[in-house]
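Engineer: Below is one structure. I have some questions about it.
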Amino acid sequence: MQEAVLTSSTNHASNDANMESVVAAQHDSDLAVKLSDSAETMTRSCDEAIKSIDDPIGDTDSPVQTQSQKSGVAETVVVGKSKFYQACGKPEALTLHVDDPNNVPTTVENIPESPTSPGSCTVFNRVTYLGCASVNAPRSEAEVMRNMAILNEKAKMAIDVTLLIPNTSEGTVRLFEPQSAAEMACYKIHRILFCARGQLESPEAHCFAFTCSHGDSIDTAIFQCHVFRCEIPDAVGKILMAFANAFRRIPHLPVNSSHSIEDPVFRFEVTLEVKEDDNKGGYSSCPKDKNCFKLRKNLEKKLILTAQQTAGFRELVIERCFGLLICPGRNVRQSDMHLLDMVSLGSSAEGRQYVISGIWDPRDSTFEVLNTETPKDTRVYMTIAVDLVIVGIQEPVRFVIETKAKIFQQNERFWYFPKRTLNEHFYVKLKEIENETSTEPRFEVASIESGTDVERRKSMLPLSLHHLHPPASSPSTGSMSTLGEIDDESDADEPLMSGSGDVSKDCSEGELEDWAETLAKWRLNLKQRPNKLASLVRRGIPEALRGEVWQLLASCTATEEQEMFESYRILITNDSPWEQVITRDIHRTFPAHDFFKEAGGLGQDSLFKLSKAYSVYDEEIGYCQGLSFLAAALLLHVPEEQAFCILVKIMFEYGHRNLFRQNFEELHLKFYQLERLMEDQLPELFNHFMEVGIEAHMFASQWFLTLFTAKFPLLIVFRILDVYLSEGQDTVFLIAVALLKTSRKDLLSLDFEGILKYFRVSLPKKYRTDENARELLSVAMGLKKSNKKLKKYEKEYITMKEQEMQQEDPVTRLQRENKRLQEANMRLEQENDDLAHELVISKIALRNELDVVEETAECLQKELVHTHKLLAEVEEDKARLELEAMQLKEMCRRELQHSEAENSRNAAIITDYKQICTQLSERLEKQQTAARQELAQVKSQIQSCERCSRLLSPDGTKCFTAPAPQEAEDPRLKSAESMVRELELQLAQTKLALVESECKTQDLTHQLGAALSEVQTSKSTWFQKTLNTLKDATNKGPPQRDADALRKSST
């Protein structure tokens, strides 16, 4: 009740603040909407406030006195899913005193304690409450500062209060009336979303403010900014420090009273893999996309579970498996679970894992839900449980896994095979029991909680209403939900995080064949797009082909890509003035996506380098908030270099960079064109927006600047980028009008705050399913795209701006122009100073480089003179060697001719010897024939003689029976034998002469070859040696060694 009175007393200021925020929003960059969901803005404001405190304890002029020790290690505190700032470590308990206006110390006991604020607290006097104002972006620093300035200037009914800030996040910030100590208002710590102080050198230096959520339900929740002023400006920093202490601790999760906090907790990891019968006598693994298994109906399946302990103060040994169970649905009763036939169970080879496998036949009527093809965009749940007997625990421990599944036809083929196993962590809290029979400790299970339950509990919103969302029932009493359940994503007041949503990788064979045919034609002629391309893109590019198709749509040729690759490698090594801003933004770009979630990981590193490279490449634009979302969407499909090439194409050839130029003048033109399109195509919605004061820049700034990548799920983001790259920038108008058209009924029923909240929260969540995304694209592509209308609206906008400038007060216009010129002049002077500084540095560097170059030139000149001398000497040597070579060739030619002449003469001699030998052989044969004839005549005469016939035997041989007087030898026979010996001797001599001539010829040939080779390779000294060798060889006779050997053989 007190809070209501306090709010009503400042209604006038609140209304002024709202009007002022609406007017000022037209001149502010609508990028402030992004700051509404940015935790970094709160971090920066609180850090600056805390840094401004010189001595937070012991200041005699401060309205608060505390005693504490210095803080310990810094830690990051998250309250209500929002990172506020880095606060100090755990503080000591504070002893608190209050300085009242009469300087009479009063203790904190003078103010009644609230049951919602346990523990110690800090009290501040001399604080004035200026009022509150409704805000649309509770975490926007700009909006908080604007409301602070307005209320500080226009507040007419300021109220003096005593401010009490608790030291834990479980407490409540309370306002008291200083005199009566009556409580006027209270605000739960976990409902406070943002706090900030005024600028140090401004009228708001002694002010601070915080934003808080109010309302009992999600639909009725509103956000208010409460502004305060301190009598002593230094107290503002201490109040911010007190808020830091309050935000330091997260409220403890409720603990089951059945066991104490000292009960030990053990962590187990259970892995589930599903395999199907492959009709070949074995089982093949089923694909798994995110947390959903893809199963085929009418096929026998094999479940494989692996359990192992991953944490705990002692090792627990799994003795055996008590049973493996399965049931369709989730939150099922124990009686609904069905026992499966276990095929095998036992420990792994390492002994740390326990593996259980069982056979499951889904054709049983009990599992009809899990054996029926599921409709599109729906999933079914199934629950798998395993009971394990663990040594030291009294009863079996049951681990229950709930997972989603999608059932396909039996002959369905999956062209993409992602992760196949499901991992789930279980936290088992045990309670030790008395064991009289054994010295070993015995435990009983106090509680079992899965990692999914823990994450779900941590993600609960600060405004979540437990009475509206009762907790899920236990397995023993819960109901079974199966067919038709879609992903349970929260529809609470928190906006959808960027980068969220699942993108299906499934694609039909027919669609893949169409894309394969189209890409094959397109690659033959990249300058001409195939006819079927536009229709295929509108239906959606398959996830596996999206990266390649995006490059082709953006006309990234191989030559351009190579140039961009080289430029990118150079750009990332340069320094950028935007590095600090980029570093701040990458932490809040696609935080819901695993690739960009890890701080300092591969995703954030690639995003930083890509954003930095473009800021250096495009110096006019540099880096603007919003580019990181577009860059992140590209990085999810292509590497850094290719993403840089596509980003440059989008910014320059698609004209996206024009939206950031000239104080966002092009962006305001887009807003005007969108409003005119609404007036033309959605007149009822346009009139409603005009009535409640909604303008296009309040909801469409992110649409144009980030191409819908900042807030919408990735499913629709990628589809929009497909069409944008295919059909150009005007696609943004079609999508925007389609969004408004499909949401027309909802928007017509909402007021100003409801519409802004709808655009920020409800609209992006509406397109988390593929069906809604396809419907949106269908409506957008069905709209008539009229370039003539857009040109007409552009002319109207230019004319309107010119009229506004003409109607504007010349003094105001000139003042604004003068201010702009002064800013430009200051910027140019700064640039001039920077350039002059760079020029001086460059001159010094060039002078140093010139000195080095001159020294190098002098050294090179000396080397050149020396080289010329060496060249002259080498040329002289070359001429001398050429002369000697010619002489040697001539000498070799003469020797060769002489050798050839001798060879010819020797050949003639050999021929003559051969003729002589032939004649002698013929002559010898004739003489032998004549001698045989004469011998035959002699034998016949002897046989005819009776006296002489006794000397011969009948066969003609000699027969000496008695010694006979020796007769004289025949002189002719002697003469023939001597002639034969002479002929043989002549023949041997001829052969000897022939061998000698051949040896001499061979030596001369060998020496000639050696001389020719030495002429080409050796120097002048070697030529002389060769000549000497040839002369020696010429003067020597034939080799005596071979001649002697031949003589010996002949004798």
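By convention in this document, the chains of the structure tokens carry letters A, B, ... by their order, each chain's residues are numbered from 1, and ligands are numbered from 1 in the order they are shown.
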If you count only C-alpha atoms, which residues fall within 9 Å of Ile239 in chain A, apart from same-chain ones fewer than 2 positions away, as a list of chain:residue names?
Structural biologist: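 Within the cut-off, the hits are A:Thr122, A:Phe124, A:Ile165, A:Phe208, A:Ala235, A:Val236, A:Gly237, A:Met241, A:Ala242, A:Phe243, A:Ala244.
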Engineer: So which residues of range 169-363 of chain A fall under strand (DSSP E or B) by DSSP, listed as number ranges by chain?
Structural biologist: A: 172-176, 183-188, 192-197, 207-214, 222-230, 265-277, 283-285, 288-289, 292-296, 301-311, 318-328, 330, 338-339, 341-347, 354-360
Engineer: Choose the residue, out of A:Leu828, A:Val638, A:Met651, A:Ile798, that has the smallest atom-to-atom separation from Gly622 in chain A; count only C-alpha atoms.
Structural biologist: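 Checking each of A:Leu828, A:Val638, A:Met651, A:Ile798 against Gly622 in chain A, counting only C-alpha atoms, the winner is A:Met651.
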Engineer: Quick one: everything within 10 Å of range 288-299 of chain A, counting only C-alpha atoms, minus sequence neighbours fewer than 2 positions away in the same chain. Send it as a PyMOL selection string.
Structural biologist: chain A and resi 273-279+285-286+301-302+360-364+368+370-373+379-381+402-414+416-423+502-506
Engineer: I want to know what sits within 10 Å of range 922-925 of chain A, based on only C-alpha atoms, with residues of the same chain fewer than 6 positions away left out; could you give that as a list in words?
Structural biologist: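 Once the nearby chain positions are removed, what remains is Ile916, Ala931, Ala976, Glu977, Met979, Val980 and Leu983 of chain A.
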Engineer: Taking N, CA, C and O atoms for each residue, export the selection above as an mmCIF file, in the first residue's frame.
Structural biologist:
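Below is the file that was written, result.cif:
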data_model
loop_
_atom_site.group_PDB
_atom_site.id
_atom_site.type_symbol
_atom_site.label_atom_id
_atom_site.label_comp_id
_atom_site.auth_asym_id
_atom_site.auth_seq_id
_atom_site.Cartn_x
_atom_site.Cartn_y
_atom_site.Cartn_z
ATOM 1 N N ILE A 916 99.142 -65.147 -98.279
ATOM 2 C CA ILE A 916 100.339 -66.016 -98.283
ATOM 3 C C ILE A 916 100.049 -67.294 -97.505
ATOM 4 O O ILE A 916 100.406 -68.419 -97.959
ATOM 5 N N ALA A 931 102.989 -86.753 -101.478
ATOM 6 C CA ALA A 931 103.813 -87.649 -100.659
ATOM 7 C C ALA A 931 103.046 -88.924 -100.344
ATOM 8 O O ALA A 931 103.632 -90.028 -100.347
ATOM 9 N N ALA A 976 110.201 -81.795 -97.284
ATOM 10 C CA ALA A 976 108.780 -81.408 -97.034
ATOM 11 C C ALA A 976 108.552 -81.039 -95.580
ATOM 12 O O ALA A 976 107.850 -80.064 -95.256
ATOM 13 N N GLU A 977 109.159 -81.816 -94.661
ATOM 14 C CA GLU A 977 108.947 -81.517 -93.239
ATOM 15 C C GLU A 977 109.562 -80.187 -92.872
ATOM 16 O O GLU A 977 108.975 -79.387 -92.120
ATOM 17 N N MET A 979 109.951 -77.646 -94.818
ATOM 18 C CA MET A 979 109.120 -76.595 -95.420
ATOM 19 C C MET A 979 107.873 -76.333 -94.560
ATOM 20 O O MET A 979 107.444 -75.183 -94.370
ATOM 21 N N VAL A 980 107.317 -77.412 -94.018
ATOM 22 C CA VAL A 980 106.115 -77.241 -93.160
ATOM 23 C C VAL A 980 106.463 -76.435 -91.938
ATOM 24 O O VAL A 980 105.726 -75.539 -91.511
ATOM 25 N N LEU A 983 106.759 -72.800 -92.805
ATOM 26 C CA LEU A 983 105.435 -72.182 -93.016
ATOM 27 C C LEU A 983 104.747 -71.889 -91.672
ATOM 28 O O LEU A 983 104.098 -70.844 -91.479
#
Engineer: Which neighbours of range 898-913 of chain A fall inside 12 Å, counting only C-alpha atoms, when residues of the same chain fewer than 2 positions from it are skipped, and could you give them as a ChimeraX atom specification?
Structural biologist: /A:891-896,915-921,983,986-1008,1033-1034
Engineer: Could you list, as a list in words, every residue within 12 Å of Ser576 in chain A, counting only C-alpha atoms and ignoring same-chain residues fewer than 5 positions away?
Structural biologist: Leu571, Val581, Ile582, Thr583, Phe608, Lys609, Leu610, Ser611, Lys612, Ala613, Tyr614, Ser615, Val616, Tyr617, Asp618, Glu619, Gly622 and Tyr623 of chain A
Engineer: Any chance you could export the current selection's all heavy atoms as a short mmCIF file (atom, residue, chain, number, x, y, z; two decimals), in the first residue's frame?
Structural biologist:
data_model
loop_
_atom_site.label_atom_id
_atom_site.label_comp_id
_atom_site.auth_asym_id
_atom_site.auth_seq_id
_atom_site.Cartn_x
_atom_site.Cartn_y
_atom_site.Cartn_z
N LEU A 571 44.97 -8.48 -42.73
CA LEU A 571 44.14 -7.60 -41.91
C LEU A 571 44.10 -8.04 -40.45
O LEU A 571 44.07 -7.20 -39.54
CB LEU A 571 42.71 -7.54 -42.48
CG LEU A 571 42.56 -6.83 -43.83
CD1 LEU A 571 41.16 -7.03 -44.37
CD2 LEU A 571 42.87 -5.35 -43.71
N VAL A 581 35.70 -2.69 -28.20
CA VAL A 581 34.25 -2.82 -28.41
C VAL A 581 33.92 -4.21 -28.94
O VAL A 581 32.93 -4.83 -28.52
CB VAL A 581 33.77 -1.74 -29.39
CG1 VAL A 581 32.26 -1.84 -29.59
CG2 VAL A 581 34.14 -0.35 -28.88
N ILE A 582 34.74 -4.71 -29.85
CA ILE A 582 34.49 -6.04 -30.41
C ILE A 582 34.60 -7.10 -29.32
O ILE A 582 33.77 -8.01 -29.23
CB ILE A 582 35.49 -6.32 -31.55
CG1 ILE A 582 35.25 -5.35 -32.71
CG2 ILE A 582 35.36 -7.76 -32.04
CD1 ILE A 582 36.31 -5.43 -33.79
N THR A 583 35.61 -6.97 -28.48
CA THR A 583 35.78 -7.94 -27.38
C THR A 583 34.57 -7.94 -26.46
O THR A 583 34.15 -9.01 -25.98
CB THR A 583 37.05 -7.59 -26.58
OG1 THR A 583 38.17 -7.57 -27.47
CG2 THR A 583 37.29 -8.61 -25.48
N PHE A 608 36.01 -12.79 -33.25
CA PHE A 608 36.81 -11.59 -32.98
C PHE A 608 37.69 -11.25 -34.18
O PHE A 608 37.77 -10.09 -34.60
CB PHE A 608 37.68 -11.84 -31.74
CG PHE A 608 38.66 -10.72 -31.46
CD1 PHE A 608 38.24 -9.56 -30.83
CD2 PHE A 608 39.98 -10.83 -31.84
CE1 PHE A 608 39.13 -8.53 -30.58
CE2 PHE A 608 40.88 -9.81 -31.59
CZ PHE A 608 40.45 -8.66 -30.96
N LYS A 609 38.35 -12.25 -34.75
CA LYS A 609 39.24 -11.98 -35.87
C LYS A 609 38.46 -11.50 -37.09
O LYS A 609 38.92 -10.59 -37.80
CB LYS A 609 40.04 -13.25 -36.22
CG LYS A 609 41.07 -13.60 -35.16
CD LYS A 609 42.03 -14.68 -35.65
CE LYS A 609 41.34 -16.01 -35.76
NZ LYS A 609 42.30 -17.10 -36.11
N LEU A 610 37.28 -12.08 -37.34
CA LEU A 610 36.48 -11.66 -38.49
C LEU A 610 35.99 -10.23 -38.32
O LEU A 610 36.08 -9.41 -39.25
CB LEU A 610 35.30 -12.62 -38.66
CG LEU A 610 34.34 -12.31 -39.81
CD1 LEU A 610 35.08 -12.26 -41.13
CD2 LEU A 610 33.23 -13.35 -39.87
N SER A 611 35.47 -9.88 -37.14
CA SER A 611 34.99 -8.52 -36.89
C SER A 611 36.14 -7.52 -36.94
O SER A 611 36.00 -6.42 -37.50
CB SER A 611 34.29 -8.45 -35.53
OG SER A 611 33.21 -9.37 -35.45
N LYS A 612 37.27 -7.89 -36.39
CA LYS A 612 38.43 -6.99 -36.41
C LYS A 612 38.92 -6.78 -37.84
O LYS A 612 39.24 -5.65 -38.24
CB LYS A 612 39.53 -7.59 -35.54
CG LYS A 612 40.85 -6.83 -35.62
CD LYS A 612 41.94 -7.58 -34.87
CE LYS A 612 43.30 -6.94 -35.10
NZ LYS A 612 44.38 -7.69 -34.43
N ALA A 613 38.98 -7.84 -38.63
CA ALA A 613 39.45 -7.72 -40.01
C ALA A 613 38.55 -6.78 -40.81
O ALA A 613 39.04 -5.95 -41.59
CB ALA A 613 39.51 -9.10 -40.67
N TYR A 614 37.22 -6.90 -40.61
CA TYR A 614 36.34 -6.00 -41.37
C TYR A 614 36.47 -4.56 -40.89
O TYR A 614 36.38 -3.62 -41.70
CB TYR A 614 34.88 -6.45 -41.27
CG TYR A 614 33.98 -5.58 -42.12
CD1 TYR A 614 33.88 -5.81 -43.49
CD2 TYR A 614 33.28 -4.52 -41.56
CE1 TYR A 614 33.09 -5.00 -44.28
CE2 TYR A 614 32.48 -3.70 -42.36
CZ TYR A 614 32.40 -3.96 -43.71
OH TYR A 614 31.62 -3.14 -44.50
N SER A 615 36.65 -4.34 -39.59
CA SER A 615 36.80 -2.97 -39.09
C SER A 615 38.04 -2.31 -39.67
O SER A 615 38.06 -1.09 -39.89
CB SER A 615 36.86 -2.98 -37.56
OG SER A 615 38.05 -3.59 -37.11
N VAL A 616 39.09 -3.09 -39.94
CA VAL A 616 40.28 -2.53 -40.57
C VAL A 616 40.06 -2.37 -42.07
O VAL A 616 40.53 -1.40 -42.68
CB VAL A 616 41.50 -3.44 -40.29
CG1 VAL A 616 42.74 -2.89 -40.97
CG2 VAL A 616 41.73 -3.56 -38.79
N TYR A 617 39.33 -3.29 -42.67
CA TYR A 617 39.09 -3.25 -44.12
C TYR A 617 38.22 -2.06 -44.50
O TYR A 617 38.50 -1.35 -45.47
CB TYR A 617 38.43 -4.56 -44.54
CG TYR A 617 38.12 -4.67 -46.02
CD1 TYR A 617 39.10 -5.06 -46.92
CD2 TYR A 617 36.84 -4.39 -46.50
CE1 TYR A 617 38.82 -5.16 -48.27
CE2 TYR A 617 36.56 -4.49 -47.84
CZ TYR A 617 37.54 -4.87 -48.74
OH TYR A 617 37.27 -4.96 -50.07
N ASP A 618 37.15 -1.82 -43.74
CA ASP A 618 36.21 -0.73 -44.03
C ASP A 618 36.42 0.35 -42.97
O ASP A 618 35.73 0.37 -41.95
CB ASP A 618 34.78 -1.25 -44.02
CG ASP A 618 33.78 -0.23 -44.54
OD1 ASP A 618 34.21 0.90 -44.84
OD2 ASP A 618 32.58 -0.55 -44.63
N GLU A 619 37.34 1.27 -43.21
CA GLU A 619 37.67 2.27 -42.21
C GLU A 619 36.53 3.26 -42.00
O GLU A 619 36.39 3.81 -40.91
CB GLU A 619 38.94 3.02 -42.64
CG GLU A 619 40.18 2.14 -42.67
CD GLU A 619 41.41 2.92 -43.05
OE1 GLU A 619 41.27 4.12 -43.35
OE2 GLU A 619 42.52 2.33 -43.05
N GLY A 622 34.04 0.98 -39.97
CA GLY A 622 34.70 0.39 -38.82
C GLY A 622 33.90 -0.78 -38.29
O GLY A 622 33.67 -1.77 -38.99
N TYR A 623 33.48 -0.69 -37.06
CA TYR A 623 32.67 -1.75 -36.45
C TYR A 623 31.45 -1.12 -35.79
O TYR A 623 31.57 -0.11 -35.09
CB TYR A 623 33.47 -2.53 -35.40
CG TYR A 623 32.63 -3.51 -34.63
CD1 TYR A 623 32.29 -4.74 -35.17
CD2 TYR A 623 32.14 -3.19 -33.36
CE1 TYR A 623 31.50 -5.64 -34.47
CE2 TYR A 623 31.36 -4.08 -32.66
CZ TYR A 623 31.04 -5.30 -33.22
OH TYR A 623 30.25 -6.18 -32.53
#
Engineer: Please compute the CA of Val400 in chain A-CA of Val355 in chain A distance, one decimal, in Å.
Structural biologist: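 Distance between the two atoms: 15.6 Å.
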Engineer: Point out the residue among A:Met805, A:Leu388, A:Ala133, A:Val853 with the least atom-to-atom distance to Leu345 in chain A, counting only C-alpha atoms.
Structural biologist: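 Ranking A:Met805, A:Leu388, A:Ala133, A:Val853 by distance to Leu345 in chain A, first place goes to A:Leu388.
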Engineer: Any idea what's packed within 10 Å of range 749-759 of chain A, counting only C-alpha atoms, ignoring anything in its chain fewer than 5 positions away? Could you give it as a list in words?
Structural biologist: Ser134, Val135, Asn136, Ala137, Asp219, Thr220, Ile222, Phe223, Asp493, Glu494, Pro495, His688, Phe689, Glu691, Val692, Gly693, Ile694, Met698, Phe699, Ala700, Lys711, Leu739, Leu740, Ser743, Arg744, Pro764 and Lys765 of chain A
